[in-house]
Each structure stands twice: as structure tokens, then as C-alpha cells.
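Everything below belongs to run09.txt, which stores compact mmCIF, C-alpha atoms and all ligand atoms.
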# COMPACT_ATOMS: atom_id res chain seq x y z
CA MET A 352 -39.87 -75.99 3.07
CA ASP A 353 -43.14 -74.12 3.04
CA ILE A 354 -45.31 -75.60 0.32
CA PRO A 355 -49.01 -74.86 -0.01
CA SER A 356 -50.74 -78.22 -0.25
CA HIS A 357 -53.22 -76.71 -2.66
CA SER A 358 -50.97 -75.53 -5.41
CA LEU A 359 -49.00 -78.67 -6.30
CA TYR A 360 -50.39 -82.18 -6.55
CA LEU A 361 -47.00 -83.88 -6.52
CA ILE A 362 -43.62 -82.90 -5.11
CA PRO A 363 -40.72 -85.32 -5.59
CA ASP A 364 -39.15 -86.67 -2.38
CA LEU A 365 -35.50 -87.20 -3.25
CA PRO A 366 -32.50 -87.42 -0.91
CA PRO A 367 -30.94 -84.14 0.26
CA ALA A 368 -27.69 -83.06 -1.41
CA ASP A 369 -25.53 -83.88 1.64
CA ALA A 370 -26.74 -87.51 1.58
CA ILE A 371 -25.69 -87.82 -2.09
CA LEU A 372 -22.31 -86.13 -1.64
CA PRO A 373 -20.36 -89.12 -0.23
CA PHE A 374 -21.34 -91.15 -3.29
CA LEU A 375 -20.36 -88.34 -5.66
CA GLN A 376 -17.00 -88.13 -3.91
CA ARG A 377 -16.51 -91.87 -4.45
CA MET A 378 -17.32 -91.34 -8.11
CA GLU A 379 -14.82 -88.51 -8.35
CA GLU A 380 -12.10 -90.56 -6.72
CA ALA A 381 -12.73 -93.46 -9.08
CA ARG A 382 -13.10 -91.13 -12.10
CA TRP A 383 -15.71 -93.56 -13.34
CA TYR A 384 -18.89 -91.88 -14.57
CA SER A 385 -20.85 -94.42 -16.59
CA ASN A 386 -20.57 -97.87 -18.26
CA PHE A 387 -21.63 -100.04 -15.31
CA GLY A 388 -19.27 -98.39 -12.83
CA PRO A 389 -18.96 -99.25 -9.13
CA LEU A 390 -21.93 -97.14 -8.03
CA VAL A 391 -24.31 -98.64 -10.62
CA CYS A 392 -23.15 -102.14 -9.63
CA GLU A 393 -23.62 -101.40 -5.92
CA PHE A 394 -27.04 -99.88 -6.58
CA GLU A 395 -28.06 -102.97 -8.57
CA THR A 396 -26.86 -105.23 -5.74
CA LYS A 397 -29.01 -103.26 -3.27
CA LEU A 398 -32.02 -103.29 -5.57
CA HIS A 399 -31.55 -107.01 -6.02
CA ALA A 400 -31.45 -107.57 -2.25
CA LEU A 401 -34.63 -105.52 -1.70
CA MET A 402 -36.49 -107.21 -4.52
CA SER A 403 -35.32 -110.70 -3.54
CA ALA A 404 -36.48 -110.13 0.04
CA HIS A 405 -39.89 -109.12 -1.30
CA GLU A 406 -40.03 -112.15 -3.60
CA ARG A 407 -38.92 -114.56 -0.90
CA GLN A 408 -42.28 -114.10 0.77
CA THR A 409 -43.76 -115.80 -2.27
CA GLN A 410 -41.03 -118.47 -2.35
CA ALA A 411 -40.16 -117.60 -5.90
CA ARG A 412 -37.12 -118.39 -8.05
CA ALA A 413 -34.02 -116.21 -8.27
CA ILE A 414 -34.45 -112.81 -9.88
CA HIS A 415 -32.28 -110.92 -12.35
CA LEU A 416 -32.28 -107.23 -13.14
CA THR A 417 -30.49 -104.53 -15.04
CA THR A 418 -30.67 -100.79 -14.45
CA VAL A 419 -31.41 -98.48 -17.37
CA SER A 420 -31.63 -94.76 -17.98
CA SER A 421 -35.44 -94.57 -17.64
CA GLY A 422 -38.62 -96.55 -17.21
CA TYR A 423 -39.30 -95.90 -20.88
CA HIS A 424 -36.06 -97.64 -21.81
CA ALA A 425 -36.91 -100.59 -19.56
CA LEU A 426 -40.05 -100.99 -21.71
CA GLU A 427 -38.30 -100.57 -25.04
CA LEU A 428 -35.50 -102.98 -24.11
CA GLY A 429 -38.01 -105.46 -22.71
CA LEU A 430 -39.81 -105.47 -26.05
CA ARG A 431 -36.53 -105.69 -27.96
CA VAL A 432 -35.45 -108.91 -26.23
CA LEU A 433 -38.78 -110.77 -26.33
CA GLY A 434 -38.02 -112.09 -29.82
CA LEU A 435 -40.88 -110.30 -31.60
CA HIS A 436 -40.92 -109.52 -35.30
CA ARG A 437 -41.23 -106.10 -36.91
CA GLY A 438 -44.85 -104.92 -37.18
CA GLN A 439 -46.32 -107.46 -34.76
CA ARG A 440 -49.05 -106.28 -32.40
CA VAL A 441 -48.57 -105.45 -28.73
CA LEU A 442 -51.72 -105.07 -26.63
CA MET A 443 -51.75 -102.46 -23.86
CA PRO A 444 -54.43 -100.59 -21.91
CA ALA A 445 -55.83 -97.38 -23.39
CA VAL A 446 -55.41 -95.72 -19.99
CA THR A 447 -51.69 -95.47 -19.36
CA PHE A 448 -48.72 -93.18 -19.91
CA THR A 449 -47.55 -92.31 -23.43
CA ALA A 450 -44.27 -94.15 -22.77
CA CYS A 451 -46.08 -97.46 -23.48
CA PRO A 452 -47.16 -96.88 -27.10
CA LEU A 453 -43.95 -94.94 -27.80
CA ALA A 454 -41.80 -97.86 -26.65
CA VAL A 455 -43.86 -100.17 -28.86
CA GLU A 456 -43.51 -97.87 -31.86
CA HIS A 457 -39.77 -97.40 -31.35
CA ALA A 458 -39.32 -101.18 -31.06
CA GLU A 459 -40.86 -101.34 -34.58
CA LEU A 460 -44.04 -103.00 -33.34
CA GLU A 461 -47.67 -101.97 -33.56
CA GLY A 462 -49.58 -100.85 -30.48
CA VAL A 463 -53.18 -101.89 -29.88
CA LEU A 464 -55.15 -100.09 -27.16
CA ALA A 465 -57.54 -102.17 -25.08
CA ASP A 466 -60.41 -100.93 -22.98
CA ILE A 467 -59.92 -101.50 -19.27
CA ASP A 468 -61.71 -103.65 -16.74
CA PRO A 469 -64.10 -101.49 -14.65
CA ALA A 470 -63.26 -103.28 -11.40
CA THR A 471 -59.48 -102.85 -11.57
CA TRP A 472 -59.12 -99.94 -14.04
CA THR A 473 -56.59 -101.90 -16.06
CA LEU A 474 -56.07 -104.42 -18.85
CA THR A 475 -56.79 -107.89 -17.45
CA PRO A 476 -55.85 -111.36 -18.72
CA THR A 477 -59.56 -111.89 -19.52
CA ILE A 478 -59.63 -108.89 -21.86
CA ALA A 479 -56.28 -109.91 -23.37
CA ARG A 480 -57.55 -113.48 -23.99
CA SER A 481 -60.64 -112.12 -25.77
CA ALA A 482 -58.52 -109.77 -27.89
CA ALA A 483 -56.18 -112.64 -28.83
CA GLN A 484 -59.19 -114.57 -30.12
CA HIS A 485 -60.05 -111.71 -32.48
CA MET A 486 -56.58 -110.81 -33.78
CA ASP A 487 -52.94 -111.89 -33.69
CA ILE A 488 -51.33 -110.44 -30.59
CA ALA A 489 -47.57 -111.02 -30.26
CA ALA A 490 -47.11 -109.60 -26.74
CA VAL A 491 -49.11 -107.96 -23.95
CA MET A 492 -48.05 -104.99 -21.86
CA PRO A 493 -50.35 -104.79 -18.83
CA VAL A 494 -49.87 -101.74 -16.59
CA ALA A 495 -49.89 -101.51 -12.80
CA ILE A 496 -52.06 -98.43 -13.05
CA TYR A 497 -51.25 -95.59 -10.60
CA GLY A 498 -48.77 -97.95 -8.93
CA VAL A 499 -51.23 -100.64 -7.79
CA PRO A 500 -49.42 -103.98 -8.32
CA LEU A 501 -50.94 -106.58 -10.64
CA PRO A 502 -51.55 -110.25 -9.76
CA THR A 503 -48.64 -112.10 -11.35
CA SER A 504 -50.12 -115.61 -11.20
CA GLU A 505 -52.97 -114.63 -13.55
CA TRP A 506 -50.55 -113.13 -16.07
CA ASP A 507 -48.21 -116.12 -15.83
CA GLU A 508 -51.18 -118.37 -16.48
CA PHE A 509 -52.19 -116.24 -19.45
CA SER A 510 -48.71 -116.47 -20.89
CA GLU A 511 -48.49 -120.21 -20.30
CA ASP A 512 -51.91 -120.91 -21.87
CA THR A 513 -51.56 -118.64 -24.89
CA GLY A 514 -47.80 -118.66 -25.48
CA ILE A 515 -47.98 -114.85 -25.64
CA PRO A 516 -45.15 -113.14 -23.72
CA VAL A 517 -45.95 -110.49 -21.12
CA LEU A 518 -43.96 -107.33 -20.33
CA LEU A 519 -45.54 -105.84 -17.24
CA ASP A 520 -45.21 -102.07 -16.87
CA ALA A 521 -44.90 -101.55 -13.12
CA ALA A 522 -43.50 -98.02 -13.53
CA ALA A 523 -44.82 -96.74 -10.20
CA ALA A 524 -45.01 -100.06 -8.34
CA PHE A 525 -41.45 -100.63 -7.17
CA GLY A 526 -41.49 -102.40 -3.81
CA THR A 527 -44.91 -104.00 -4.21
CA GLN A 528 -45.08 -105.50 -7.72
CA HIS A 529 -43.94 -109.13 -7.70
CA LEU A 530 -42.02 -110.40 -10.71
CA LEU A 531 -43.54 -112.65 -13.32
CA HIS A 532 -42.27 -116.19 -13.66
CA ARG A 533 -42.53 -116.14 -17.42
CA GLY A 534 -42.15 -112.52 -18.49
CA LEU A 535 -40.41 -109.26 -17.71
CA VAL A 536 -41.28 -106.37 -15.40
CA ALA A 537 -40.28 -102.72 -15.96
CA PHE A 538 -39.99 -100.16 -13.16
CA SER A 539 -39.44 -96.40 -13.31
CA LEU A 540 -37.17 -94.47 -10.95
CA HIS A 541 -38.32 -91.10 -12.29
CA ALA A 542 -38.38 -88.29 -9.71
CA THR A 543 -42.17 -88.61 -9.41
CA LYS A 544 -42.06 -92.31 -8.49
CA PRO A 545 -41.82 -93.62 -4.89
CA LEU A 546 -38.16 -94.67 -5.34
CA GLY A 547 -37.32 -91.57 -7.37
CA ILE A 548 -33.73 -90.84 -8.35
CA GLY A 549 -34.30 -88.23 -11.08
CA GLU A 550 -34.27 -90.45 -14.16
CA GLY A 551 -33.78 -94.20 -14.17
CA GLY A 552 -35.41 -97.56 -14.60
CA ILE A 553 -35.11 -101.27 -13.89
CA LEU A 554 -35.87 -104.26 -16.09
CA ALA A 555 -36.32 -107.42 -14.04
CA GLY A 556 -37.30 -111.04 -14.56
CA ARG A 557 -36.40 -114.66 -13.86
CA ASP A 558 -34.62 -115.46 -17.13
CA PRO A 559 -30.94 -114.49 -16.85
CA ASP A 560 -30.49 -114.66 -20.60
CA LEU A 561 -33.25 -112.12 -21.33
CA ILE A 562 -31.80 -109.69 -18.77
CA ALA A 563 -28.25 -110.17 -20.09
CA ARG A 564 -29.49 -109.41 -23.60
CA ALA A 565 -31.30 -106.29 -22.41
CA ARG A 566 -28.14 -105.13 -20.63
CA ARG A 567 -26.08 -105.64 -23.77
CA TYR A 568 -28.75 -103.81 -25.78
CA SER A 569 -28.53 -100.88 -23.35
CA ASN A 570 -24.80 -100.59 -24.18
CA PHE A 571 -24.88 -100.43 -27.99
CA GLY A 572 -25.23 -104.22 -28.34
CA MET A 573 -21.52 -104.57 -27.74
CA ILE A 574 -19.51 -107.34 -26.11
CA ASP A 575 -15.86 -106.48 -25.47
CA ARG A 576 -16.34 -103.33 -27.55
CA ILE A 577 -17.44 -105.32 -30.58
CA SER A 578 -21.01 -104.86 -31.87
CA GLN A 579 -22.66 -108.24 -31.84
CA VAL A 580 -26.31 -107.25 -32.08
CA ASP A 581 -28.51 -104.16 -32.43
CA GLY A 582 -28.40 -101.75 -29.50
CA THR A 583 -28.83 -98.27 -28.12
CA ASN A 584 -27.44 -96.22 -25.25
CA ALA A 585 -29.78 -96.67 -22.29
CA LYS A 586 -27.30 -97.12 -19.47
CA MET A 587 -27.71 -95.60 -16.03
CA SER A 588 -24.93 -93.11 -15.20
CA GLU A 589 -22.90 -93.13 -11.99
CA TYR A 590 -24.52 -89.76 -11.10
CA HIS A 591 -27.96 -91.35 -11.05
CA ALA A 592 -26.68 -94.38 -9.16
CA ALA A 593 -25.24 -91.96 -6.55
CA VAL A 594 -28.74 -90.56 -5.98
CA GLY A 595 -30.10 -94.11 -6.05
CA LEU A 596 -27.74 -95.27 -3.31
CA ALA A 597 -28.71 -92.32 -1.11
CA GLN A 598 -32.39 -92.86 -1.90
CA ILE A 599 -32.49 -96.60 -1.28
CA SER A 600 -31.35 -96.05 2.32
CA ARG A 601 -34.46 -93.84 2.77
CA TRP A 602 -36.81 -96.48 1.37
CA THR A 603 -38.36 -97.52 4.68
CA GLN A 604 -38.90 -93.87 5.58
CA ILE A 605 -40.46 -93.08 2.17
CA LYS A 606 -42.85 -96.02 2.42
CA GLY A 607 -43.81 -95.07 5.97
CA ARG A 608 -44.50 -91.45 5.06
CA ARG A 609 -46.70 -92.43 2.12
CA LYS A 610 -48.62 -94.91 4.23
CA GLU A 611 -49.19 -92.26 6.92
CA LEU A 612 -50.48 -89.81 4.32
CA PHE A 613 -52.68 -92.42 2.70
CA ASP A 614 -54.19 -93.35 6.10
CA LEU A 615 -54.91 -89.68 6.81
CA TYR A 616 -56.65 -89.25 3.48
CA ARG A 617 -58.67 -92.42 4.01
CA GLN A 618 -59.81 -91.12 7.38
CA TYR A 619 -60.70 -87.63 6.09
CA LEU A 620 -62.42 -88.98 2.97
CA GLU A 621 -64.64 -91.37 4.94
CA PRO A 622 -67.59 -88.92 5.17
CA LEU A 623 -67.45 -88.45 1.37
CA ARG A 624 -67.82 -92.17 0.68
CA GLY A 625 -71.28 -91.61 -0.82
CA THR A 626 -69.90 -89.34 -3.53
CA LEU A 627 -66.54 -90.93 -4.30
CA SER A 628 -64.45 -94.06 -3.84
CA LEU A 629 -60.75 -94.91 -3.64
CA GLN A 630 -58.82 -96.81 -6.30
CA PRO A 631 -59.45 -100.57 -5.96
CA SER A 632 -56.59 -102.30 -4.06
CA ILE A 633 -54.79 -98.98 -3.46
CA GLU A 634 -53.88 -100.27 0.02
CA THR A 635 -51.56 -102.81 -1.68
CA ALA A 636 -49.46 -100.01 -3.24
CA VAL A 637 -46.79 -97.64 -1.97
CA ALA A 638 -49.03 -94.84 -3.20
CA SER A 639 -47.47 -92.16 -5.35
CA LEU A 640 -50.76 -90.72 -6.59
CA LEU A 641 -54.16 -90.74 -4.98
CA MET A 642 -56.98 -91.09 -7.48
CA LEU A 643 -60.64 -90.79 -6.54
CA LEU A 644 -63.58 -92.12 -8.55
CA LEU A 645 -66.55 -89.76 -8.41
CA ARG A 646 -69.99 -91.31 -8.33
CA GLU A 647 -71.17 -88.84 -10.98
CA PRO A 648 -69.47 -88.16 -14.34
CA ILE A 649 -68.51 -84.62 -13.37
CA ALA A 650 -64.70 -84.80 -13.30
CA HIS A 651 -64.33 -82.15 -15.98
CA ASN A 652 -66.42 -79.58 -14.08
CA VAL A 653 -64.72 -80.40 -10.79
CA LEU A 654 -61.30 -79.91 -12.39
CA THR A 655 -62.34 -76.57 -13.89
CA ASP A 656 -63.78 -75.32 -10.60
CA ALA A 657 -60.75 -76.58 -8.67
CA ARG A 658 -58.41 -74.64 -10.96
CA GLU A 659 -60.33 -71.46 -10.16
CA SER A 660 -60.19 -72.12 -6.43
CA GLY A 661 -56.45 -72.98 -6.52
CA LEU A 662 -56.84 -76.64 -5.60
CA ALA A 663 -54.37 -78.74 -7.62
CA LEU A 664 -56.39 -81.67 -8.92
CA HIS A 665 -55.19 -83.74 -11.87
CA GLN A 666 -56.14 -86.52 -14.28
CA THR A 667 -52.89 -88.39 -14.81
CA TYR A 668 -53.02 -90.94 -17.72
CA LEU A 669 -56.24 -89.34 -18.99
CA PRO A 670 -57.74 -88.73 -21.50
CA PRO A 671 -57.25 -92.28 -22.84
CA LEU A 672 -54.44 -92.60 -25.38
CA TYR A 673 -56.71 -93.01 -28.43
CA SER A 674 -57.82 -89.40 -27.81
CA HIS A 675 -54.23 -88.11 -28.14
CA PRO A 676 -53.71 -86.89 -31.73
CA TYR A 677 -50.43 -88.80 -32.09
CA PHE A 678 -52.02 -92.14 -31.12
CA ALA A 679 -55.37 -91.61 -32.84
CA HIS A 680 -54.40 -94.05 -35.62
CA LEU A 681 -53.91 -97.02 -33.27
CA THR A 682 -56.40 -99.88 -33.32
CA VAL A 683 -58.63 -100.00 -30.26
CA VAL A 684 -60.19 -103.10 -28.75
CA ASN A 685 -63.27 -103.04 -26.53
CA MET A 686 -63.57 -104.95 -23.26
CA HIS A 687 -64.95 -107.97 -25.13
CA GLY A 688 -61.82 -108.10 -27.27
CA ALA A 689 -63.48 -106.85 -30.46
CA ALA A 690 -61.38 -104.49 -32.57
CA ILE A 691 -63.00 -101.24 -33.61
CA ASP A 692 -62.29 -100.46 -37.22
CA GLU A 693 -59.22 -98.22 -37.58
CA GLY A 694 -61.20 -95.94 -39.84
CA ALA A 695 -64.05 -95.62 -37.34
CA LYS A 696 -65.02 -92.11 -36.34
CA VAL A 697 -63.73 -90.79 -33.02
CA ALA A 698 -67.23 -90.86 -31.52
CA MET A 699 -67.65 -94.53 -32.39
CA ARG A 700 -64.27 -95.42 -30.91
CA LYS A 701 -65.19 -93.63 -27.70
CA GLU A 702 -68.59 -95.30 -27.59
CA ASN A 703 -66.88 -98.70 -27.63
CA MET A 704 -64.25 -97.88 -25.03
CA VAL A 705 -66.92 -97.69 -22.34
CA ASN A 706 -64.77 -98.17 -19.26
CA SER A 707 -61.90 -95.94 -20.33
CA GLU A 708 -64.36 -93.16 -21.11
CA ASN A 709 -66.15 -93.71 -17.82
CA LEU A 710 -62.87 -93.29 -15.96
CA PHE A 711 -62.12 -90.10 -17.90
CA LYS A 712 -65.48 -88.65 -16.87
CA ARG A 713 -65.23 -89.65 -13.22
CA LEU A 714 -61.61 -89.81 -12.08
CA ILE A 715 -59.70 -87.06 -10.28
CA GLY A 716 -56.37 -87.08 -8.48
CA VAL A 717 -55.78 -85.08 -5.30
CA PRO A 718 -52.48 -83.61 -4.03
CA PHE A 719 -50.36 -86.41 -2.57
CA HIS A 720 -46.74 -85.87 -1.55
CA SER A 721 -44.41 -86.27 1.42
CA PHE A 722 -44.50 -82.59 2.32
CA MET A 723 -48.19 -82.59 3.25
CA ASN A 724 -49.32 -82.68 6.85
CA GLU A 725 -52.69 -83.42 8.46
CA GLN A 726 -53.91 -79.81 8.07
CA ASP A 727 -53.13 -79.95 4.36
CA VAL A 728 -55.10 -83.16 3.95
CA ALA A 729 -58.01 -81.70 5.91
CA LEU A 730 -57.95 -78.59 3.72
CA VAL A 731 -57.85 -80.50 0.44
CA VAL A 732 -60.76 -82.70 1.52
CA LYS A 733 -62.76 -79.69 2.78
CA ASN A 734 -62.27 -77.88 -0.55
CA LEU A 735 -63.12 -81.00 -2.49
CA ASP A 736 -66.24 -81.50 -0.44
CA SER A 737 -67.41 -77.99 -1.20
CA LEU A 738 -66.67 -78.43 -4.93
CA LEU A 739 -68.72 -81.64 -4.93
CA SER A 740 -71.61 -80.08 -3.04
CA PHE A 741 -72.58 -77.84 -5.98
C1 LIG A 801 -47.19 -96.25 -16.60
C2 LIG A 801 -45.86 -95.66 -16.95
N1 LIG A 801 -45.07 -96.31 -17.81
C3 LIG A 801 -43.87 -95.84 -18.15
C4 LIG A 801 -43.39 -94.66 -17.63
C5 LIG A 801 -42.06 -94.15 -18.09
O1 LIG A 801 -41.15 -94.05 -17.06
P1 LIG A 801 -39.95 -92.98 -17.15
O2 LIG A 801 -40.55 -91.63 -16.92
O3 LIG A 801 -39.02 -93.40 -16.07
O4 LIG A 801 -39.35 -93.10 -18.51
C6 LIG A 801 -44.16 -93.95 -16.72
C7 LIG A 801 -43.68 -92.68 -16.17
O5 LIG A 801 -44.38 -91.90 -15.59
C8 LIG A 801 -45.43 -94.45 -16.38
O6 LIG A 801 -46.23 -93.80 -15.54
Let me see the file written as C-alpha cells.
Ligand SMILES: Cc1ncc(COP(=O)(O)O)c(C=O)c1O
Amino acid sequence: MDIPSHSLYLIPDLPPADAILPFLQRMEEARWYSNFGPLVCEFETKLHALMSAHERQTQARAIHLTTVSSGYHALELGLRVLGLHRGQRVLMPAVTFTACPLAVEHAELEGVLADIDPATWTLTPTIARSAAQHMDIAAVMPVAIYGVPLPTSEWDEFSEDTGIPVLLDAAAAFGTQHLLHRGLVAFSLHATKPLGIGEGGILAGRDPDLIARARRYSNFGMIDRISQVDGTNAKMSEYHAAVGLAQISRWTQIKGRRKELFDLYRQYLEPLRGTLSLQPSIETAVASLLMLLLREPIAHNVLTDARESGLALHQTYLPPLYSHPYFAHLTVVNMHGAAIDEGAKVAMRKENMVNSENLFKRLIGVPFHSFMNEQDVALVVKNLDSLLSF
């Protein structure tokens, strides 16, 4: 595969067709294509083993999980089973993917967008505590931004102290994000994520009842074909589980490749340390994106110039969600927890969301995918260096 490192910032790394074929043949023999078939069950068992091994290092309690059709559905189902009431507020960071406020809206709740912490680029328990002092917050959805896992003990403490449930969006942090003791964690298996299978998601936690309810919700709320509660169709198909089973056996290889690439970038970016910095704690992630914080607020110009020179830079999760027309009506909360009036002018909202705006002005993402080699990394960094020298 001959892919110019310049022209694409992300290329999915999924298993080759011949590795998926044996699983598809099993599916064909069983004539079982969805509804928690043998491949989905086997995939869940393997996911459970991987996640339990990771948790064991922290000597945690048993974990429970259910697969779903997407990371988005893991979020929506998570919200559905937390026992919230229609119209209650869910706090989330302003810098995240649109799936977060959409899941909140579709679960008949009201999203509130919080400014982020400048040190971690995400919504922290400190910000959430301040917000909860200013308004009623029924649940919090922190996000493991760009796949960097969040500290679970702080969020468990938050939940214990405030009684507010937490649904952690760890979309891109499979393999590194530990589970909460008190809340739920959602993962995405979208093609762009480290454990990509095309489309898919996982909802995981320690409470077997919550996970069982989410599983039932994902299958029309039925038990023995009788509707007991509300529901939807968010099941993972056997086709996706077939890809998942082929992909999970490549997990060590995927992690290794990403680590190699990350180490190369770190080495090549070292001379540029005066003009940019890496994402805080990025070394704790299985990186799927590599985001760089420029010292100067020139991201917009750099992106424009890069486009002209053919270098594929990006600003994933930016601009912040309150700048998207569809989410412009949502309440925003600054880093001190104070709500900015819903009727406030756009400029005033931006003025208050200091850290989100700062990220928008300074953050760029560079090409990062398994098909890059050392020359590609060297070329990207050389081009970036020349763009930053103007
Ligand atoms: C932070 C975040 N949350 C949720 C999602 C939704 O996941 P999916 O695409 O699997 O529905 C994504 C996907 O990119 C994401 O980045």
C-alpha cells in the first residue's frame, strides 16, 4: 500500500479480509447474523478477558460489559440506564465529539457544555464540582480527550461525594482507560479508533444490573420477546463481531505499531519543543491521534498554509461545540463553574470559555497512522517546521 504520509492524517488499521474470512464462514454455517449470536458472545468474552487483565493490575472488582452498535449508542444507553429524569442536565466538556451532546439530547436530557482544564484539556472533577454548586447537574460525562485515559479514582470520589453519577466517554481509550467503580465507561470501536472494527462500541462497568439493563435496552427492551421497558435497536451484528475477533488477535501488534510511531514523532519533534508541546499524558494512551499545542495562537494560519502545501493537518473536536450552529443554544459553564446566560452573545460565550478557545487557537493534529514509516514522520515534521518558521 503506497500512501503519501502528507495527504491523509488518519488511515484505519483493520484486519485483512483473509483474517476475517474464517469467522464469516462460521457465521454462515451457523446462519446466525445478529441478536447476540456466537461471534458476538465470543468477542465479548475476549474483550472481557483483555479488560479484566488490565483491571487486575489495579486489583479492582469484577467487570461487566455489553457490546453495542457504536460508541454513540454506548453513551445513549449509559444515560438511559442511569435513572435520570427527562430534561435533567448532563455536564460535558465543550471540546469533544458531537456524539456526546447528541446522546444527551436523544436520551431526553439537557446538555451543558463546560470549559476545560488547561492542564489536561478536559472536564475535571474540580470544574464539575464548581458547576454543581451553581446549578442542578444530574450526571457528568467526562471525556478521555484524544484517547488519553482519565484518572478514575478522582471521578469515583466526585461521584461518591456529590451523589452525581458519571458516564465516562473513553471512545478512543480502549486498552488504557480503567473502569470506574461507581459509574459506566463507554468505548468506541469505530474504524478510526485503535481497536477499530468498522462500527461498534462497548458499555462497561462494575454493576451487573446496569449493564444487563443496557443490554436489554439495546434489544428493544424485550425479555423473552416481550417488551418490558423502553428500548431501541443498538445491537452489534455478527458481521462486526467477525471483524472484532480478527482484530482483537492483532491488538498487541496494533499497540506496538502505535507506540513505535509515537516514539518516532517524539524524537523528531524534540528540536521543535520551543514552539510546540505534546498532549499532556499522551504517553499513557494507545495513541490514535497526535495533537500538538503551538506556543502561539496561530493554528488557523498553520492549517491554511498546510492545506496549500498538501500537509494533512487537522483540528479534531474543534471548534468547541458551542460554536456549532446545532449546539449554539446549549448552556455553557466557565472553568469556575459559572453558567453563562443562554441568551448571551456568541462573543461573550467565547470570552468566558477561555481554555476551550485557547485550544482552538493553538491546537493542530498531525498525520498519525500505522502505514507511516520513519521517512514519513521526518517529512511531516520538516514541513511543519517550515510552516512554523514563517
Ligand atoms: C469522544 C467521542 N465520543 C463518542 C464517539 C462516538 O463513537 P462512534 O463513532 O463509535 O459512535 C466518538 C467517535 O469518534 C468520540 O470521539
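With all atoms listed in the file as the basis for measurement, A:Ser639 is the residue among A:Gln439, A:Ser578, A:Gln376, A:Ser639 that approaches ligand LIG 801 (chain A) most closely.
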Practice prompt. Dump the neighbourhood of ligand LIG 801 (chain A) as number ranges by chain: all residues within 10 Å, distances computed on all atoms listed in the file.
Written response: A: 419-427, 444, 446-454, 493-498, 519-524, 537-544, 547-553, 667-668
With the cut-off set at 12 Å and counting all atoms listed in the file, tabulate each residue of segment 534-639 of chain A with an atom at most that distance from an atom of segment 701-714 of chain A, showing the nearest atom pair and its distance in Å to one decimal, ordered by chain and increasing number, as CSV.
residue,atom,partner,partner_atom,distance
A:Thr626,CA,A:Arg713,CA,10.8
A:Leu627,CA,A:Arg713,CA,9.1
A:Ser628,CA,A:Leu714,CA,9.7
A:Leu629,CA,A:Leu714,CA,9.9
A:Gln630,CA,A:Leu714,CA,9.5
Worksheet item: Residues around (-51.9, -113.6, -12.0), cut-off 12 Å, counting all atoms listed in the file - what are they as number ranges by chain?
Response: A: 475-477, 493, 500-511, 517, 519, 528-534
Pull C-alpha atoms from the residues just selected and write them as a compact mmCIF listing (two decimals), keeping the file's coordinate frame.
# COMPACT_ATOMS: atom_id res chain seq x y z
CA THR A 475 -56.79 -107.89 -17.45
CA PRO A 476 -55.85 -111.36 -18.72
CA THR A 477 -59.56 -111.89 -19.52
CA PRO A 493 -50.35 -104.79 -18.83
CA PRO A 500 -49.42 -103.98 -8.32
CA LEU A 501 -50.94 -106.58 -10.64
CA PRO A 502 -51.55 -110.25 -9.76
CA THR A 503 -48.64 -112.10 -11.35
CA SER A 504 -50.12 -115.61 -11.20
CA GLU A 505 -52.97 -114.63 -13.55
CA TRP A 506 -50.55 -113.13 -16.07
CA ASP A 507 -48.21 -116.12 -15.83
CA GLU A 508 -51.18 -118.37 -16.48
CA PHE A 509 -52.19 -116.24 -19.45
CA SER A 510 -48.71 -116.47 -20.89
CA GLU A 511 -48.49 -120.21 -20.30
CA VAL A 517 -45.95 -110.49 -21.12
CA LEU A 519 -45.54 -105.84 -17.24
CA GLN A 528 -45.08 -105.50 -7.72
CA HIS A 529 -43.94 -109.13 -7.70
CA LEU A 530 -42.02 -110.40 -10.71
CA LEU A 531 -43.54 -112.65 -13.32
CA HIS A 532 -42.27 -116.19 -13.66
CA ARG A 533 -42.53 -116.14 -17.42
CA GLY A 534 -42.15 -112.52 -18.49
Worksheet item: Residues at most 8 Å from Thr682 of chain A, counting only C-alpha atoms, excluding those fewer than 4 positions away in the same chain, as a list in words?
Response: Gly462, Val463, Leu464, Ala690, Ile691, Asp692 and Glu693 of chain A
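Nearest to Thr396 of chain A of all the residues A:Pro648, A:Gly595, A:Pro718, A:Gly607 is A:Gly595, counting all atoms listed in the file.
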